Amino acid sequence: MSDNDTNDDVRTDGSGTGIVAPDDETPDWSERKERTQGLSRLTYEYFERSRREDQDLRQQSDYVERDVLAFPAWPHEMMRNLALTSFFVGMILFLSAALPPEMPAPANANQTPAIILPDWYLYWSFGLLKLQNLNPSLSLLGGQKLMADRTYGVLANVVVVGFVAIVPFLNKGSARRPVEQPFWAAVGMAGVVFSLTIAALSVQNLIPMDSNLLLDLTFLFPIVTGAITYAALRTMREGYMFNLNRRYYRLRPPK
Amino acid sequence: MPLDEDKYPAESGRRRFVKGVVGSAALSTVGAGGAAALDTATSSAGIGGGTTTYVAIENTAGPAPRGMPLIPLTIESGELKGVWPEFDSERGIVINDDFGGSGIPYSSQMLQYCGLQTAEGVYPQADQNNTFRTGSGTYAWESEYDQGVPITVDMFDDYKEWGNGIGKDGLGKPGTGTWRSEGDVKTIPVQVLRSPEVPKIANGEGPYSSIPGPVREYFKAATEDSFMAWANKCTHFCCVPGYKQLEGSANYDAENKVYCQCHQSVYDPFNPVQKTMVALPRPPQ
């Protein structure tokens with residue numbers, strides 16, 4: 001009797017919770033779905049019967065129905081593809097024939113142009129190469145820097161690209177609108193503004209502003225924007241969600 | 001009942017473990033085999049290179065890792081010539097181990113960076129002569145001379161009062177050119193500067209007395225008649241900077257220095273320093 005009280009066996013006399021931890025034999029949800037009995041079987045039979053009735057009705061009627069799902073690859077699709085291809089090839093030939101060929105002087109290895117910049121969409125990366133003021137010189141190394149400024153600039157690219165790469169893992173993004181997740185919306189706004197300010201930093205020699213001030217603003221401005229975004233969205237959230245709920249549930253505004 | 005129940009052999013922990021072991025073994029075999037095959041199928045990257053001591057004009061600001069190498073020069077019948085010491089066939093480079101009695105070596109390996117290692121001029125026995133020649137010209141005064149003529153002393157007669165509105169006048173007259181780069185070859189850009197400061201540095205006068213003795217000895221031997229020259233390739237990402245060349249350099253306190261417009265690196269030509277670099281190997285010729 002005494003070991004009856006102490007053992008943890010599942011009891012079927014209705015005294016326990018009856019909840020059993022799943023073991024290997026317990027079907028998971030996908031397996032349940034695949035079962036061909038019970039409710040799913042019933043659903044399947046119902047669906048099949050109604051499909052069959054539909055088909056019978058169609059066959060009885062005198063309406064001729066063609067079951068066209070798509071056009072055949074040959075000749076229909078191929079003809080369309082050929083027409084499109086010849087249009088674009090023709091455009092390339094026409095433009096290359098009509099526009100004057102541009103052939104500037106070959107690059108001079110002995111001279112770098114006064115204004116030298118990459119394509120605009122690479123400015124952010126170019127700006128990250130100019131962060132030597134943020135590369136700390138360590139007193140432990142006698143005022144030396146741990147890594148060369150150019151290495152530091154390249155690593156800054158790795159950090160930024162790495163952060164952009166891990167954001168989807170930090171937040172799955174189930175929100176449909178920024179007000180639903182003000183923090184992540186603020187992170188996004190800060191990122192957008194940072195991409196603009198770091199681009200401005202890359203053209204610092206063309207911007208009429210002290211370069212140290214520009215460096216400070218490059219990092220302060222995104223933080224300020226993020227904070228403002230967060231505050232605004234948090235403030236807006238209540239009213240916005242109320243409107244949303246009213247639209248969905250036709251709630252009355254409180255008095 | 002799962003549909004794939006009759007699958008054989010059944011999935012088990014043991015089977016997954018064996019699959020993992022076999023899979024990783026196959027992967028590492030492919031990796032190691034591929035590396036070995038690549039190693040046998042390709043030749044080594046080049047000859048020479050390695051740690052090199054040299055004297056540079058100091059890098060004072062910006063992301064550049066070190067200064068640009070000073071090129072020793074002499075003047076022969078009014079023409080400026082770079083010094084190109086004896087070929088050391090054992091080491092495969094041109095080197096003077098004790099340049100000007102300073103104890104600091106001057107070797108051609110200091111030019112082997114930023115793609116200059118593929119220029120024909122850095123090959124010790126290249127069929128090139130050592131006269132500095134004018135390039136396409138960046139300063140207004142250079143436009144009156146043809147491209148490719150030897151740079152001569154008389155081009156710099158007005159160096160004591162020359163100015164172009166950038167920085168302080170009378171600090172020296174700069175010129176651009178090429179060295180050991182005649183013909184259809186990759187050029188080695190150099191900058192020449194004739195400045196009244198040069199003899200002061202060599203003698204350690206005034207503010208220059210803090211320059212260490214050996215570097216000053218080297219500098220004295222490397223300059224002549226107030227002329228100095230350096231390889232004009234920014235050690236950061238290989239642009240061609242300039243001394244008193246751009247208005248914008250004033251924003252970076254570089255109006256009297258060498259300023260690189262790409263990433264705002266600044267070099268001080270009046271502060272020679274001893275540096276160590278890792279020279280790149282030259283491709284086999």
# chains A, B, ... in the order shown; residues from 1 in each chain; ligands from 1
$ closest_atom_pairs --of "chain A" --to "chain B" --cutoff "6 Å" --atoms "only C-alpha atoms" --output "Markdown table"
| residue | atom | partner | partner_atom | distance |
| --- | --- | --- | --- | --- |
| A:Asn110 | CA | B:Pro189 | CA | 5.3 |
| A:Gln111 | CA | B:Val240 | CA | 5.6 |
| A:Thr112 | CA | B:Val240 | CA | 5.3 |
| A:Gln132 | CA | B:Pro63 | CA | 5.7 |
| A:Ala148 | CA | B:Pro65 | CA | 5.8 |
| A:Asp149 | CA | B:Pro63 | CA | 4.7 |
| A:Arg150 | CA | B:Pro63 | CA | 5.5 |
$ residues_around --residues "Glu76 (chain B)" --least-positions-apart "3" --cutoff "10 Å" --atoms "only C-alpha atoms" --output "list in words"
Leu73, Glu79, Leu80, Lys81, Thr131, Thr152 and Val153 of chain B
$ residues_around --residues "Thr51 (chain B)" --least-positions-apart "2" --cutoff "12 Å" --atoms "only C-alpha atoms" --output "CSV table (one decimal) with N, CA and C atoms, in the first residue's frame"
chain,number,residue,atom,x,y,z
B,48,GLY,N,60.5,37.9,-53.3
B,48,GLY,CA,60.8,39.1,-52.5
B,48,GLY,C,59.7,39.5,-51.6
B,49,GLY,N,59.8,40.7,-51.1
B,49,GLY,CA,58.8,41.3,-50.2
B,49,GLY,C,59.2,40.9,-48.7
B,53,THR,N,62.5,48.2,-43.6
B,53,THR,CA,62.7,49.4,-42.9
B,53,THR,C,62.9,50.5,-43.9
B,54,TYR,N,62.3,51.7,-43.7
B,54,TYR,CA,62.5,52.8,-44.6
B,54,TYR,C,62.3,54.1,-43.9
B,105,PRO,N,68.8,51.2,-43.7
B,105,PRO,CA,68.9,50.7,-45.1
B,105,PRO,C,67.9,51.4,-46.0
B,107,SER,N,66.1,50.4,-49.4
B,107,SER,CA,66.0,49.3,-50.4
B,107,SER,C,64.8,49.6,-51.3
B,109,GLN,N,62.5,47.7,-51.9
B,109,GLN,CA,61.3,47.0,-51.5
B,109,GLN,C,60.3,48.0,-50.8
B,110,MET,N,60.8,49.2,-50.4
B,110,MET,CA,59.9,50.2,-49.8
B,110,MET,C,58.9,50.7,-50.8
B,112,GLN,N,57.3,48.6,-52.8
B,112,GLN,CA,56.4,47.5,-53.2
B,112,GLN,C,55.1,47.5,-52.3
B,113,TYR,N,54.3,48.4,-52.6
B,113,TYR,CA,53.0,48.5,-51.9
B,113,TYR,C,52.0,49.1,-52.9
B,275,LYS,N,60.3,54.1,-40.4
B,275,LYS,CA,59.1,53.2,-40.4
B,275,LYS,C,59.4,51.8,-40.8
B,276,THR,N,58.6,50.9,-40.4
B,276,THR,CA,58.7,49.5,-40.9
B,276,THR,C,57.4,49.1,-41.6
B,277,MET,N,57.6,48.5,-42.7
B,277,MET,CA,56.4,48.0,-43.5
B,277,MET,C,56.6,46.6,-43.9
B,278,VAL,N,55.5,45.9,-44.3
B,278,VAL,CA,55.7,44.6,-44.9
B,278,VAL,C,55.5,44.8,-46.4
B,279,ALA,N,56.6,44.7,-47.2
B,279,ALA,CA,56.5,44.9,-48.6
B,279,ALA,C,55.9,43.7,-49.3
B,280,LEU,N,55.1,44.0,-50.3
B,280,LEU,CA,54.5,42.9,-51.1
B,280,LEU,C,55.5,42.3,-52.0
B,281,PRO,N,55.3,41.0,-52.4
B,281,PRO,CA,56.2,40.4,-53.3
B,281,PRO,C,56.0,40.9,-54.7
$ select_by_dssp --residues "region 62-205 of chain A" --states "alpha helix (DSSP H)" --output "ChimeraX atom specification"
/A:78-98,123-128,149-170,182-202
$ atom_distance --atom1 "CA of Asn205 (chain A)" --atom2 "CA of Tyr267 (chain B)"
16.7 Å
$ residues_around --residues "Phe219 (chain B)" --least-positions-apart "4" --cutoff "7 Å" --atoms "only C-alpha atoms" --output "JSON list (two decimals) with C-alpha atoms, in the first residue's frame"
[["chain", "number", "residue", "atom", "x", "y", "z"],
["B", 202, "ALA", "CA", 69.13, 68.00, -42.51],
["B", 215, "VAL", "CA", 66.94, 59.73, -39.58],
["B", 223, "THR", "CA", 68.28, 65.40, -50.25]]
$ decode --residues "region 65-168 of chain A" --atoms "C-alpha atoms" --output "PDB file, in the first residue's frame"
ATOM      1  CA  GLU A  65     -16.602  24.192 -70.603  1.00  0.00           C
ATOM      2  CA  ARG A  66     -12.954  24.077 -71.518  1.00  0.00           C
ATOM      3  CA  ASP A  67     -10.610  23.433 -68.686  1.00  0.00           C
ATOM      4  CA  VAL A  68      -7.867  25.882 -69.728  1.00  0.00           C
ATOM      5  CA  LEU A  69      -5.351  26.464 -66.973  1.00  0.00           C
ATOM      6  CA  ALA A  70      -2.650  28.133 -69.065  1.00  0.00           C
ATOM      7  CA  PHE A  71      -1.404  28.504 -72.604  1.00  0.00           C
ATOM      8  CA  PRO A  72       0.925  25.823 -73.948  1.00  0.00           C
ATOM      9  CA  ALA A  73       4.660  26.624 -73.995  1.00  0.00           C
ATOM     10  CA  TRP A  74       4.804  25.981 -77.713  1.00  0.00           C
ATOM     11  CA  PRO A  75       3.848  27.957 -79.684  1.00  0.00           C
ATOM     12  CA  HIS A  76       1.897  30.421 -77.548  1.00  0.00           C
ATOM     13  CA  GLU A  77       4.314  31.203 -74.713  1.00  0.00           C
ATOM     14  CA  MET A  78       7.351  30.929 -76.962  1.00  0.00           C
ATOM     15  CA  MET A  79       5.860  33.408 -79.408  1.00  0.00           C
ATOM     16  CA  ARG A  80       5.255  35.933 -76.643  1.00  0.00           C
ATOM     17  CA  ASN A  81       8.775  35.426 -75.234  1.00  0.00           C
ATOM     18  CA  LEU A  82      10.322  35.895 -78.655  1.00  0.00           C
ATOM     19  CA  ALA A  83       8.357  39.102 -79.188  1.00  0.00           C
ATOM     20  CA  LEU A  84       9.524  40.509 -75.846  1.00  0.00           C
ATOM     21  CA  THR A  85      13.127  39.392 -76.400  1.00  0.00           C
ATOM     22  CA  SER A  86      13.334  40.950 -79.850  1.00  0.00           C
ATOM     23  CA  PHE A  87      11.870  44.186 -78.503  1.00  0.00           C
ATOM     24  CA  PHE A  88      14.589  44.536 -75.856  1.00  0.00           C
ATOM     25  CA  VAL A  89      17.404  43.415 -78.155  1.00  0.00           C
ATOM     26  CA  GLY A  90      16.121  45.929 -80.677  1.00  0.00           C
ATOM     27  CA  MET A  91      16.122  48.672 -78.025  1.00  0.00           C
ATOM     28  CA  ILE A  92      19.731  47.884 -77.102  1.00  0.00           C
ATOM     29  CA  LEU A  93      20.811  47.949 -80.744  1.00  0.00           C
ATOM     30  CA  PHE A  94      18.860  51.140 -81.417  1.00  0.00           C
ATOM     31  CA  LEU A  95      20.236  52.965 -78.383  1.00  0.00           C
ATOM     32  CA  SER A  96      23.820  51.876 -79.039  1.00  0.00           C
ATOM     33  CA  ALA A  97      23.490  53.047 -82.633  1.00  0.00           C
ATOM     34  CA  ALA A  98      21.697  56.310 -81.876  1.00  0.00           C
ATOM     35  CA  LEU A  99      23.677  57.544 -78.861  1.00  0.00           C
ATOM     36  CA  PRO A 100      27.174  58.912 -79.420  1.00  0.00           C
ATOM     37  CA  PRO A 101      29.805  56.584 -77.999  1.00  0.00           C
ATOM     38  CA  GLU A 102      31.326  57.907 -74.799  1.00  0.00           C
ATOM     39  CA  MET A 103      34.998  57.135 -74.531  1.00  0.00           C
ATOM     40  CA  PRO A 104      36.727  59.429 -72.036  1.00  0.00           C
ATOM     41  CA  ALA A 105      40.477  59.640 -71.656  1.00  0.00           C
ATOM     42  CA  PRO A 106      42.081  56.631 -69.980  1.00  0.00           C
ATOM     43  CA  ALA A 107      42.622  56.848 -66.237  1.00  0.00           C
ATOM     44  CA  ASN A 108      45.816  58.623 -65.264  1.00  0.00           C
ATOM     45  CA  ALA A 109      47.608  56.659 -62.562  1.00  0.00           C
ATOM     46  CA  ASN A 110      49.662  59.723 -61.614  1.00  0.00           C
ATOM     47  CA  GLN A 111      46.750  61.845 -60.613  1.00  0.00           C
ATOM     48  CA  THR A 112      43.684  61.426 -58.450  1.00  0.00           C
ATOM     49  CA  PRO A 113      40.755  63.699 -59.348  1.00  0.00           C
ATOM     50  CA  ALA A 114      40.059  66.487 -56.830  1.00  0.00           C
ATOM     51  CA  ILE A 115      36.595  65.062 -56.153  1.00  0.00           C
ATOM     52  CA  ILE A 116      36.705  61.305 -56.018  1.00  0.00           C
ATOM     53  CA  LEU A 117      33.674  59.406 -54.832  1.00  0.00           C
ATOM     54  CA  PRO A 118      32.161  55.980 -55.372  1.00  0.00           C
ATOM     55  CA  ASP A 119      28.638  55.546 -56.724  1.00  0.00           C
ATOM     56  CA  TRP A 120      26.098  57.225 -54.456  1.00  0.00           C
ATOM     57  CA  TYR A 121      24.652  53.974 -53.142  1.00  0.00           C
ATOM     58  CA  LEU A 122      28.070  53.080 -51.720  1.00  0.00           C
ATOM     59  CA  TYR A 123      28.531  56.357 -49.816  1.00  0.00           C
ATOM     60  CA  TRP A 124      27.541  54.722 -46.508  1.00  0.00           C
ATOM     61  CA  SER A 125      30.308  52.165 -46.886  1.00  0.00           C
ATOM     62  CA  PHE A 126      32.742  54.865 -47.979  1.00  0.00           C
ATOM     63  CA  GLY A 127      31.813  56.905 -44.905  1.00  0.00           C
ATOM     64  CA  LEU A 128      32.552  53.950 -42.634  1.00  0.00           C
ATOM     65  CA  LEU A 129      36.158  54.085 -43.859  1.00  0.00           C
ATOM     66  CA  LYS A 130      36.510  57.551 -42.324  1.00  0.00           C
ATOM     67  CA  LEU A 131      35.908  56.604 -38.705  1.00  0.00           C
ATOM     68  CA  GLN A 132      39.519  56.841 -37.568  1.00  0.00           C
ATOM     69  CA  ASN A 133      38.542  59.343 -34.849  1.00  0.00           C
ATOM     70  CA  LEU A 134      36.561  56.563 -33.183  1.00  0.00           C
ATOM     71  CA  ASN A 135      39.507  54.140 -33.249  1.00  0.00           C
ATOM     72  CA  PRO A 136      40.751  54.423 -29.669  1.00  0.00           C
ATOM     73  CA  SER A 137      44.463  54.641 -28.941  1.00  0.00           C
ATOM     74  CA  LEU A 138      45.134  52.478 -25.915  1.00  0.00           C
ATOM     75  CA  SER A 139      47.345  53.744 -23.088  1.00  0.00           C
ATOM     76  CA  LEU A 140      48.122  50.070 -22.393  1.00  0.00           C
ATOM     77  CA  LEU A 141      49.916  49.958 -25.748  1.00  0.00           C
ATOM     78  CA  GLY A 142      51.683  53.264 -25.102  1.00  0.00           C
ATOM     79  CA  GLY A 143      49.196  55.351 -27.076  1.00  0.00           C
ATOM     80  CA  GLN A 144      49.256  52.939 -30.002  1.00  0.00           C
ATOM     81  CA  LYS A 145      46.091  51.839 -31.728  1.00  0.00           C
ATOM     82  CA  LEU A 146      45.107  48.204 -31.533  1.00  0.00           C
ATOM     83  CA  MET A 147      44.472  48.057 -35.275  1.00  0.00           C
ATOM     84  CA  ALA A 148      45.284  50.280 -38.216  1.00  0.00           C
ATOM     85  CA  ASP A 149      42.650  52.860 -39.084  1.00  0.00           C
ATOM     86  CA  ARG A 150      41.992  51.225 -42.427  1.00  0.00           C
ATOM     87  CA  THR A 151      41.432  47.839 -40.773  1.00  0.00           C
ATOM     88  CA  TYR A 152      39.087  49.588 -38.362  1.00  0.00           C
ATOM     89  CA  GLY A 153      37.140  51.096 -41.253  1.00  0.00           C
ATOM     90  CA  VAL A 154      36.733  47.732 -42.954  1.00  0.00           C
ATOM     91  CA  LEU A 155      35.643  46.112 -39.672  1.00  0.00           C
ATOM     92  CA  ALA A 156      33.041  48.870 -39.255  1.00  0.00           C
ATOM     93  CA  ASN A 157      31.491  47.611 -42.499  1.00  0.00           C
ATOM     94  CA  VAL A 158      31.405  44.092 -41.077  1.00  0.00           C
ATOM     95  CA  VAL A 159      29.671  45.361 -37.922  1.00  0.00           C
ATOM     96  CA  VAL A 160      27.001  47.301 -39.820  1.00  0.00           C
ATOM     97  CA  VAL A 161      26.292  44.554 -42.354  1.00  0.00           C
ATOM     98  CA  GLY A 162      26.312  41.995 -39.526  1.00  0.00           C
ATOM     99  CA  PHE A 163      23.754  43.998 -37.564  1.00  0.00           C
ATOM    100  CA  VAL A 164      21.473  44.325 -40.575  1.00  0.00           C
ATOM    101  CA  ALA A 165      21.808  40.566 -41.068  1.00  0.00           C
ATOM    102  CA  ILE A 166      20.807  39.626 -37.516  1.00  0.00           C
ATOM    103  CA  VAL A 167      17.824  41.994 -37.219  1.00  0.00           C
ATOM    104  CA  PRO A 168      15.427  39.452 -38.817  1.00  0.00           C
TER     105      PRO A 168
END
